[in-house]
>>> print(open('entry_5.tsv').read())   # TSV, C-alpha atoms
chain	number	residue	atom	x	y	z
I	117	MET	CA	118.22	88.47	107.91
I	118	ASN	CA	120.33	88.17	111.06
I	119	THR	CA	120.68	91.72	112.35
I	120	GLN	CA	123.47	90.73	114.74
I	121	SER	CA	125.72	89.87	111.81
I	122	LEU	CA	125.42	93.50	110.73
I	123	HIS	CA	126.87	94.73	114.06
I	124	LEU	CA	124.11	97.28	114.55
I	125	PRO	CA	124.39	99.69	117.49
I	126	ARG	CA	122.72	98.33	120.59
I	127	TRP	CA	120.01	101.02	120.63
I	128	ILE	CA	119.02	100.14	117.07
I	129	ASP	CA	118.91	96.42	117.82
I	130	ARG	CA	116.31	96.90	120.55
I	131	PRO	CA	112.96	95.57	119.30
I	132	SER	CA	111.10	98.79	120.16
I	133	ASN	CA	113.58	101.01	118.30
I	134	LYS	CA	113.84	98.61	115.41
I	135	GLY	CA	110.06	98.61	115.21
I	136	LEU	CA	110.02	102.40	115.17
I	137	MET	CA	112.52	102.56	112.30
I	138	LEU	CA	110.68	99.92	110.26
I	139	GLY	CA	107.43	101.74	110.91
I	140	LEU	CA	109.01	104.96	109.70
I	141	LEU	CA	110.19	103.21	106.53
I	142	GLY	CA	106.66	101.99	105.91
I	143	VAL	CA	105.28	105.49	106.46
I	144	VAL	CA	107.77	106.98	103.98
I	145	LEU	CA	106.59	104.50	101.35
I	146	PHE	CA	102.93	105.10	102.21
I	147	ALA	CA	103.37	108.88	102.09
I	148	LEU	CA	103.65	108.73	98.30
I	149	THR	CA	100.34	106.89	98.01
I	150	LEU	CA	98.07	109.93	97.81
I	151	PRO	CA	100.19	111.91	95.30
I	152	MET	CA	100.65	108.80	93.16
I	153	THR	CA	96.94	107.99	93.35
I	154	ARG	CA	96.21	111.55	92.24
I	155	LEU	CA	98.43	110.97	89.21
I	156	ALA	CA	96.62	107.71	88.45
I	157	VAL	CA	93.04	108.98	88.70
I	158	GLY	CA	93.67	112.48	87.36
I	159	THR	CA	91.34	115.40	88.05
I	160	VAL	CA	87.73	116.22	87.25
I	161	ASP	CA	88.93	118.26	84.26
I	162	ALA	CA	91.47	115.66	83.10
I	163	PRO	CA	90.36	112.22	84.34
I	164	GLN	CA	92.59	109.21	83.89
I	165	MET	CA	91.86	105.81	85.51
I	166	SER	CA	88.72	105.22	87.53
I	167	GLY	CA	89.20	105.15	91.29
I	168	VAL	CA	87.69	101.67	91.44
I	169	PHE	CA	90.22	100.30	88.94
I	170	VAL	CA	93.16	101.94	90.73
I	171	ALA	CA	92.09	100.40	94.03
I	172	LEU	CA	91.29	96.91	92.78
I	173	GLY	CA	93.84	96.77	89.98
I	174	ARG	CA	96.70	97.55	92.33
I	175	ALA	CA	95.46	94.79	94.64
I	176	VAL	CA	95.53	92.32	91.74
I	177	VAL	CA	99.11	93.21	90.82
I	178	ALA	CA	100.20	92.96	94.46
I	179	ALA	CA	98.37	89.62	94.82
I	180	LEU	CA	100.24	88.15	91.84
I	181	LEU	CA	103.52	89.29	93.36
I	182	SER	CA	102.38	87.80	96.66
I	183	ILE	CA	101.71	84.39	95.12
I	184	ALA	CA	105.27	84.30	93.77
I	185	PHE	CA	106.68	85.48	97.11
I	186	LEU	CA	104.69	82.97	99.16
I	187	ALA	CA	105.85	80.16	96.88
I	188	ALA	CA	109.49	81.30	96.97
I	189	THR	CA	109.51	81.51	100.79
I	190	ARG	CA	107.52	78.26	101.19
I	191	ALA	CA	104.98	80.00	103.34
I	192	PRO	CA	102.68	77.70	105.32
I	193	LEU	CA	98.96	77.97	104.74
I	194	PRO	CA	97.15	80.20	107.23
I	195	ARG	CA	95.63	78.42	110.19
I	196	ARG	CA	91.85	78.21	110.39
I	197	GLU	CA	91.76	80.66	113.29
I	198	ASP	CA	93.77	83.16	111.22
I	199	LEU	CA	91.26	83.33	108.35
I	200	LEU	CA	88.85	85.76	110.00
I	201	PRO	CA	91.60	88.22	111.08
I	202	LEU	CA	93.05	87.97	107.56
I	203	ALA	CA	89.63	88.72	106.08
I	204	ILE	CA	89.26	91.76	108.37
I	205	THR	CA	92.76	92.90	107.41
I	206	ALA	CA	91.88	92.54	103.73
I	207	ALA	CA	88.61	94.42	104.21
I	208	GLY	CA	90.52	97.32	105.74
I	209	VAL	CA	93.68	97.66	103.66
I	210	VAL	CA	92.91	95.80	100.41
I	211	PHE	CA	89.36	97.05	99.86
I	212	GLY	CA	88.32	99.90	102.19
I	213	PHE	CA	91.30	102.23	102.28
I	214	PRO	CA	92.28	101.92	98.59
I	215	LEU	CA	88.70	102.26	97.32
I	216	PHE	CA	87.77	105.27	99.42
I	217	THR	CA	91.01	107.15	98.80
I	218	SER	CA	91.15	106.38	95.08
I	219	VAL	CA	87.63	107.67	94.50
I	220	ALA	CA	88.21	110.74	96.68
I	221	MET	CA	91.53	111.72	95.11
I	222	ARG	CA	89.93	112.83	91.85
I	223	TYR	CA	88.09	115.57	93.73
I	224	VAL	CA	90.62	116.85	96.28
I	225	GLU	CA	94.28	117.82	96.05
I	226	ALA	CA	96.99	115.64	97.55
I	227	VAL	CA	97.88	118.29	100.15
I	228	HIS	CA	94.25	118.52	101.28
I	229	ALA	CA	93.99	114.72	101.54
I	230	SER	CA	97.32	114.52	103.37
I	231	VAL	CA	95.89	116.71	106.13
I	232	ILE	CA	92.98	114.29	106.65
I	233	VAL	CA	95.54	111.47	107.03
I	234	GLY	CA	96.58	113.23	110.23
I	235	VAL	CA	93.74	111.50	112.11
I	236	LEU	CA	95.08	108.05	111.23
I	237	PRO	CA	97.67	107.69	114.04
I	238	LEU	CA	95.10	108.39	116.72
I	239	ALA	CA	92.60	106.01	115.10
I	240	THR	CA	95.22	103.27	114.79
I	241	ALA	CA	96.31	103.74	118.41
I	242	ALA	CA	92.71	103.55	119.62
I	243	VAL	CA	91.91	100.40	117.63
I	244	GLY	CA	95.25	98.84	118.58
I	245	ALA	CA	94.75	99.56	122.29
I	246	LEU	CA	91.29	97.98	122.19
I	247	LEU	CA	92.38	94.95	120.18
I	248	HIS	CA	95.55	94.29	122.17
I	249	ARG	CA	93.93	95.14	125.51
I	250	GLN	CA	96.43	97.83	126.34
I	251	ARG	CA	96.10	100.90	128.55
I	252	PRO	CA	98.15	103.79	127.16
I	253	SER	CA	99.09	106.33	129.81
I	254	ALA	CA	97.57	109.79	129.99
I	255	GLY	CA	100.92	111.16	128.79
I	256	PHE	CA	100.76	108.99	125.69
I	257	TRP	CA	97.25	110.13	124.83
I	258	ALA	CA	98.26	113.73	125.48
I	259	CYS	CA	101.08	113.42	122.95
I	260	ALA	CA	98.78	111.71	120.44
I	261	ALA	CA	96.13	114.39	120.90
I	262	LEU	CA	98.73	117.16	120.63
I	263	GLY	CA	100.09	115.71	117.40
I	264	SER	CA	96.60	115.41	115.95
I	265	ALA	CA	95.76	118.95	117.09
I	266	LEU	CA	98.86	120.23	115.33
I	267	VAL	CA	97.73	118.57	112.11
I	268	VAL	CA	94.23	120.04	112.45
I	269	GLY	CA	95.71	123.43	113.34
I	270	PHE	CA	97.79	123.28	110.20
I	271	ALA	CA	94.64	122.58	108.19
I	272	VAL	CA	92.83	125.55	109.75
I	273	LEU	CA	95.82	127.82	109.12
I	274	ARG	CA	96.04	126.73	105.50
I	275	SER	CA	92.30	127.05	104.91
I	276	GLY	CA	92.52	130.87	104.80
I	277	SER	CA	89.82	133.32	105.70
I	278	ALA	CA	87.05	131.00	104.55
I	279	GLY	CA	87.74	128.70	107.47
I	280	LEU	CA	88.09	124.95	107.48
I	281	THR	CA	85.93	123.87	104.57
I	282	LEU	CA	85.00	120.24	104.03
I	283	HIS	CA	84.53	118.57	100.68
I	284	PRO	CA	82.13	115.60	100.33
I	285	ALA	CA	85.22	113.56	99.46
I	286	ASP	CA	86.47	114.21	103.00
I	287	ALA	CA	83.85	111.73	104.25
I	288	LEU	CA	85.40	109.10	101.98
I	289	LEU	CA	88.86	109.97	103.28
I	290	LEU	CA	87.73	109.69	106.91
I	291	ALA	CA	86.13	106.32	106.15
I	292	ALA	CA	89.42	105.30	104.57
I	293	MET	CA	91.28	106.24	107.75
I	294	LEU	CA	88.97	104.03	109.84
I	295	CYS	CA	89.44	101.13	107.43
I	296	ALA	CA	93.21	101.56	107.54
I	297	ALA	CA	93.26	101.70	111.34
I	298	VAL	CA	91.34	98.42	111.62
I	299	GLY	CA	93.45	96.75	108.92
I	300	TYR	CA	96.68	97.91	110.53
I	301	ALA	CA	95.68	96.71	113.99
I	302	TYR	CA	94.57	93.25	112.86
I	303	GLY	CA	97.54	92.87	110.54
I	304	ALA	CA	99.90	93.78	113.37
I	305	ARG	CA	98.28	91.19	115.61
I	306	LEU	CA	98.72	88.51	112.96
I	307	SER	CA	102.36	89.56	112.57
I	308	GLN	CA	102.97	88.38	116.12
I	309	ARG	CA	102.66	84.76	114.94
I	310	MET	CA	103.15	85.01	111.16
I	311	ARG	CA	105.89	86.60	109.11
I	312	ALA	CA	104.89	90.23	108.54
I	313	GLU	CA	105.41	89.82	104.80
I	314	HIS	CA	103.09	86.81	104.75
I	315	VAL	CA	100.26	88.71	106.45
I	316	ILE	CA	99.74	91.21	103.64
I	317	CYS	CA	100.46	88.55	101.00
I	318	TRP	CA	97.75	86.20	102.31
I	319	ALA	CA	95.32	89.12	102.72
I	320	LEU	CA	95.85	90.00	99.06
I	321	VAL	CA	95.56	86.39	97.89
I	322	ILE	CA	92.30	85.67	99.70
I	323	ALA	CA	90.87	88.88	98.20
I	324	LEU	CA	91.92	87.94	94.64
I	325	PRO	CA	88.65	86.13	93.71
I	326	LEU	CA	86.91	89.48	94.16
I	327	THR	CA	89.56	91.96	93.06
I	328	LEU	CA	90.46	90.21	89.80
I	329	PRO	CA	87.02	90.17	88.13
I	330	LEU	CA	86.15	93.65	89.40
I	331	ALA	CA	89.45	95.09	88.18
I	332	THR	CA	88.90	93.43	84.79
I	333	LEU	CA	85.45	94.98	84.47
I	334	THR	CA	86.70	98.48	85.34
I	335	ARG	CA	89.97	98.46	83.39
I	336	PRO	CA	90.73	101.56	81.28
I	337	GLN	CA	89.31	101.50	77.77
I	338	ALA	CA	91.12	104.57	76.41
I	339	ALA	CA	94.73	105.64	76.12
I	340	LEU	CA	96.12	107.23	79.28
I	341	GLN	CA	99.03	109.46	80.15
I	342	ALA	CA	102.25	107.70	81.09
I	343	SER	CA	102.19	109.46	84.47
I	344	ALA	CA	98.91	107.72	85.30
I	345	TRP	CA	100.51	104.30	84.75
I	346	TRP	CA	103.54	105.30	86.81
I	347	GLY	CA	101.26	106.36	89.63
I	348	PHE	CA	99.30	103.13	89.39
I	349	GLY	CA	102.50	101.06	89.35
I	350	TYR	CA	103.78	102.71	92.52
I	351	THR	CA	100.55	102.13	94.41
I	352	ALA	CA	100.53	98.49	93.33
I	353	VAL	CA	104.11	97.58	94.20
I	354	PHE	CA	105.00	99.89	97.08
I	355	SER	CA	101.75	101.15	98.63
I	356	MET	CA	99.91	97.84	98.42
I	357	TRP	CA	102.80	95.41	98.94
I	358	ILE	CA	106.36	96.32	99.93
I	359	GLY	CA	105.33	99.11	102.29
I	360	PHE	CA	103.39	96.60	104.40
I	361	PHE	CA	106.47	94.39	104.78
I	362	ALA	CA	108.13	97.10	106.83
I	363	TRP	CA	104.95	98.47	108.41
I	364	TYR	CA	103.54	95.24	109.86
I	365	ARG	CA	106.97	94.14	111.07
I	366	GLY	CA	107.43	97.51	112.76
I	367	LEU	CA	104.01	97.29	114.44
I	368	ALA	CA	104.77	93.76	115.64
I	369	LEU	CA	108.17	94.68	117.09
I	370	GLY	CA	107.40	98.08	118.56
I	371	GLY	CA	103.71	97.70	119.41
I	372	THR	CA	100.73	99.00	117.47
I	373	VAL	CA	99.93	101.80	119.90
I	374	ARG	CA	103.46	103.24	119.94
I	375	VAL	CA	104.57	102.74	116.35
I	376	SER	CA	101.26	104.03	114.98
I	377	GLN	CA	102.27	107.52	116.10
I	378	VAL	CA	105.01	107.58	113.46
I	379	GLN	CA	102.13	108.13	111.03
I	380	LEU	CA	101.88	111.68	112.33
I	381	VAL	CA	104.69	112.62	109.94
I	382	GLN	CA	102.93	111.06	106.95
I	383	PRO	CA	100.84	114.13	106.03
I	384	PHE	CA	103.93	116.30	105.83
I	385	LEU	CA	105.89	113.70	103.87
I	386	GLY	CA	102.97	113.49	101.46
I	387	MET	CA	103.08	117.26	101.02
I	388	LEU	CA	106.84	117.14	100.51
I	389	PHE	CA	106.52	114.53	97.78
I	390	ALA	CA	103.67	116.47	96.17
I	391	VAL	CA	106.03	119.37	95.40
I	392	PRO	CA	107.85	117.76	92.45
I	393	LEU	CA	105.00	115.45	91.47
I	394	LEU	CA	102.02	117.79	91.52
I	395	GLY	CA	103.52	121.27	91.70
I	396	GLU	CA	102.50	121.93	95.30
I	397	ARG	CA	104.33	124.52	97.42
I	398	LEU	CA	106.33	123.79	100.58
I	399	ASP	CA	107.15	126.70	102.89
I	400	ALA	CA	108.68	127.40	106.29
I	401	VAL	CA	105.34	127.15	108.11
I	402	THR	CA	104.79	123.63	106.79
I	403	LEU	CA	108.27	122.61	107.86
I	404	GLY	CA	107.74	124.14	111.29
I	405	PHE	CA	104.55	122.16	111.86
I	406	ALA	CA	106.31	119.02	110.61
I	407	ILE	CA	109.11	119.42	113.17
I	408	ALA	CA	106.59	119.96	115.96
I	409	VAL	CA	104.61	116.87	114.98
I	410	ILE	CA	107.74	114.73	114.77
I	411	ALA	CA	108.65	115.87	118.29
I	412	THR	CA	105.33	114.56	119.62
I	413	VAL	CA	106.08	111.16	118.07
I	414	PHE	CA	109.33	110.69	119.95
I	415	ILE	CA	108.01	112.10	123.20
I	416	GLY	CA	104.97	109.84	122.98
I	417	LYS	CA	107.21	106.85	122.36
I	418	LYS	CA	108.70	107.29	125.83
I	419	MET	CA	105.32	107.32	127.58
I	420	PRO	CA	104.27	104.04	129.27
I	421	VAL	CA	101.73	101.69	127.70
I	422	HIS	CA	100.40	98.99	130.04
I	423	ALA	CA	98.68	95.70	129.30
I	424	SER	CA	95.33	95.47	131.07
I	425	ALA	CA	94.84	91.77	130.44
I	426	PRO	CA	96.64	88.89	128.70
I	427	THR	CA	96.13	88.98	124.94
I	428	GLU	CA	94.12	86.05	123.62
I	429	ARG	CA	95.40	84.22	120.58
I	430	VAL	CA	92.56	84.32	118.12
>>> encode(input="entry_5.tsv", output="structure tokens")
Amino acid sequence: MNTQSLHLPRWIDRPSNKGLMLGLLGVVLFALTLPMTRLAVGTVDAPQMSGVFVALGRAVVAALLSIAFLAATRAPLPRREDLLPLAITAAGVVFGFPLFTSVAMRYVEAVHASVIVGVLPLATAAVGALLHRQRPSAGFWACAALGSALVVGFAVLRSGSAGLTLHPADALLLAAMLCAAVGYAYGARLSQRMRAEHVICWALVIALPLTLPLATLTRPQAALQASAWWGFGYTAVFSMWIGFFAWYRGLALGGTVRVSQVQLVQPFLGMLFAVPLLGERLDAVTLGFAIAVIATVFIGKKMPVHASAPTERV
């Protein structure tokens, strides 16, 4: 779409600001992932789908949509040198993140898991800086660290007198954050020379020979609640597919290191969405922390990020 034909304000039409807004759109769509996954897998007392099926089944649905989209847009085949980055992207965001989070979400609440997501912006920035050979300024890292500290502080405050307790599922969630950071960084790099929509589509398609048979083997055998299917449908269409259209384009336009910090608002958005979906509470303290975290995002966006060496095209 030609953005100039829409007569957008000049500040919006700047690539960095446009990237920030697209990144925010992607984060809003991703923020529903954990609550919807919780609906799909259920709880220990009332299990629904298996975490493995939710992760791989949603990838199959998104891959089928991707095949139709790639054909409709006459997408060129990936170049040979793009296959390894696509495979790494798929390992991170098609397999790693969905599998780890889907299994973990049966054992922890969405609000608890949303707090762990707070480490993702810093992880994405670190991987992106290494991959793109960038040198974020001390001010940038200070803002990133402050935003992460606010998220951790919120977790400590909400943990009560027992302190910050960790569930074994937290290890799965932290592994999921690392997988997502790597998948985001490599996908953003590919989006510099491929359409952002094609990056996630090709990642899903090349994973299909594995996801399809595994999803078939783990498909539900018993009747499930309608809410579980709604949750699964959202993760397949929005979390696994459409959300990446905006997210990878935003990372490509605004830079992985900068735009990744928009993810700092994702934990609070996830909590906000959990109120009507899962009956969670949202109070003034949560909103106060959310406002403080959002402030660090926009302050950090203004901090310089320098290139330490020319980026190789691999």
>>> closest_residue(input="entry_5.tsv", among="I:Phe414, I:Phe384, I:Phe389, I:Tyr364", to="Arg309 (chain I)", atoms="all atoms listed in the file")
I:Tyr364
>>> residues_around(input="entry_5.tsv", residues="Val298 (chain I)", least_positions_apart="6", cutoff="7 Å", atoms="all atoms listed in the file", output="number ranges by chain")
I: 208, 240, 243
>>> closest_residue(input="entry_5.tsv", among="I:Leu140, I:Trp346, I:Gly386, I:Cys295", to="Phe213 (chain I)", atoms="all atoms listed in the file")
I:Cys295
>>> atom_distance(input="entry_5.tsv", atom1="CA of Val224 (chain I)", atom2="CA of Phe348 (chain I)")
17.6 Å
>>> atom_distance(input="entry_5.tsv", atom1="CA of Gln379 (chain I)", atom2="CA of Gly359 (chain I)")
13.0 Å
>>> atom_distance(input="entry_5.tsv", atom1="CA of Gly255 (chain I)", atom2="CA of Gly416 (chain I)")
7.2 Å
>>> closest_residue(input="entry_5.tsv", among="I:Gly370, I:Leu306, I:Ala179, I:Glu313", to="Leu199 (chain I)", atoms="all atoms listed in the file")
I:Leu306
>>> residues_around(input="entry_5.tsv", residues="region 391-408 of chain I", least_positions_apart="3", cutoff="12 Å", atoms="only C-alpha atoms", output="mmCIF file with C-alpha atoms, keeping the file's coordinate frame")
data_model
loop_
_atom_site.group_PDB
_atom_site.id
_atom_site.type_symbol
_atom_site.label_atom_id
_atom_site.label_comp_id
_atom_site.auth_asym_id
_atom_site.auth_seq_id
_atom_site.Cartn_x
_atom_site.Cartn_y
_atom_site.Cartn_z
ATOM 1 C CA LEU I 148 103.650 108.730 98.300
ATOM 2 C CA THR I 149 100.340 106.890 98.010
ATOM 3 C CA LEU I 150 98.070 109.930 97.810
ATOM 4 C CA PRO I 151 100.190 111.910 95.300
ATOM 5 C CA MET I 152 100.650 108.800 93.160
ATOM 6 C CA THR I 153 96.940 107.990 93.350
ATOM 7 C CA ARG I 154 96.210 111.550 92.240
ATOM 8 C CA LEU I 155 98.430 110.970 89.210
ATOM 9 C CA ALA I 156 96.620 107.710 88.450
ATOM 10 C CA GLY I 158 93.670 112.480 87.360
ATOM 11 C CA THR I 159 91.340 115.400 88.050
ATOM 12 C CA GLU I 225 94.280 117.820 96.050
ATOM 13 C CA ALA I 226 96.990 115.640 97.550
ATOM 14 C CA VAL I 227 97.880 118.290 100.150
ATOM 15 C CA HIS I 228 94.250 118.520 101.280
ATOM 16 C CA VAL I 231 95.890 116.710 106.130
ATOM 17 C CA GLY I 234 96.580 113.230 110.230
ATOM 18 C CA CYS I 259 101.080 113.420 122.950
ATOM 19 C CA LEU I 262 98.730 117.160 120.630
ATOM 20 C CA GLY I 263 100.090 115.710 117.400
ATOM 21 C CA SER I 264 96.600 115.410 115.950
ATOM 22 C CA ALA I 265 95.760 118.950 117.090
ATOM 23 C CA LEU I 266 98.860 120.230 115.330
ATOM 24 C CA VAL I 267 97.730 118.570 112.110
ATOM 25 C CA VAL I 268 94.230 120.040 112.450
ATOM 26 C CA GLY I 269 95.710 123.430 113.340
ATOM 27 C CA PHE I 270 97.790 123.280 110.200
ATOM 28 C CA ALA I 271 94.640 122.580 108.190
ATOM 29 C CA LEU I 273 95.820 127.820 109.120
ATOM 30 C CA ARG I 274 96.040 126.730 105.500
ATOM 31 C CA SER I 343 102.190 109.460 84.470
ATOM 32 C CA ALA I 344 98.910 107.720 85.300
ATOM 33 C CA TRP I 346 103.540 105.300 86.810
ATOM 34 C CA GLY I 347 101.260 106.360 89.630
ATOM 35 C CA VAL I 378 105.010 107.580 113.460
ATOM 36 C CA GLN I 379 102.130 108.130 111.030
ATOM 37 C CA LEU I 380 101.880 111.680 112.330
ATOM 38 C CA VAL I 381 104.690 112.620 109.940
ATOM 39 C CA GLN I 382 102.930 111.060 106.950
ATOM 40 C CA PRO I 383 100.840 114.130 106.030
ATOM 41 C CA PHE I 384 103.930 116.300 105.830
ATOM 42 C CA LEU I 385 105.890 113.700 103.870
ATOM 43 C CA GLY I 386 102.970 113.490 101.460
ATOM 44 C CA MET I 387 103.080 117.260 101.020
ATOM 45 C CA LEU I 388 106.840 117.140 100.510
ATOM 46 C CA ALA I 411 108.650 115.870 118.290
ATOM 47 C CA THR I 412 105.330 114.560 119.620
ATOM 48 C CA VAL I 413 106.080 111.160 118.070
ATOM 49 C CA PHE I 414 109.330 110.690 119.950
ATOM 50 C CA ILE I 415 108.010 112.100 123.200
#
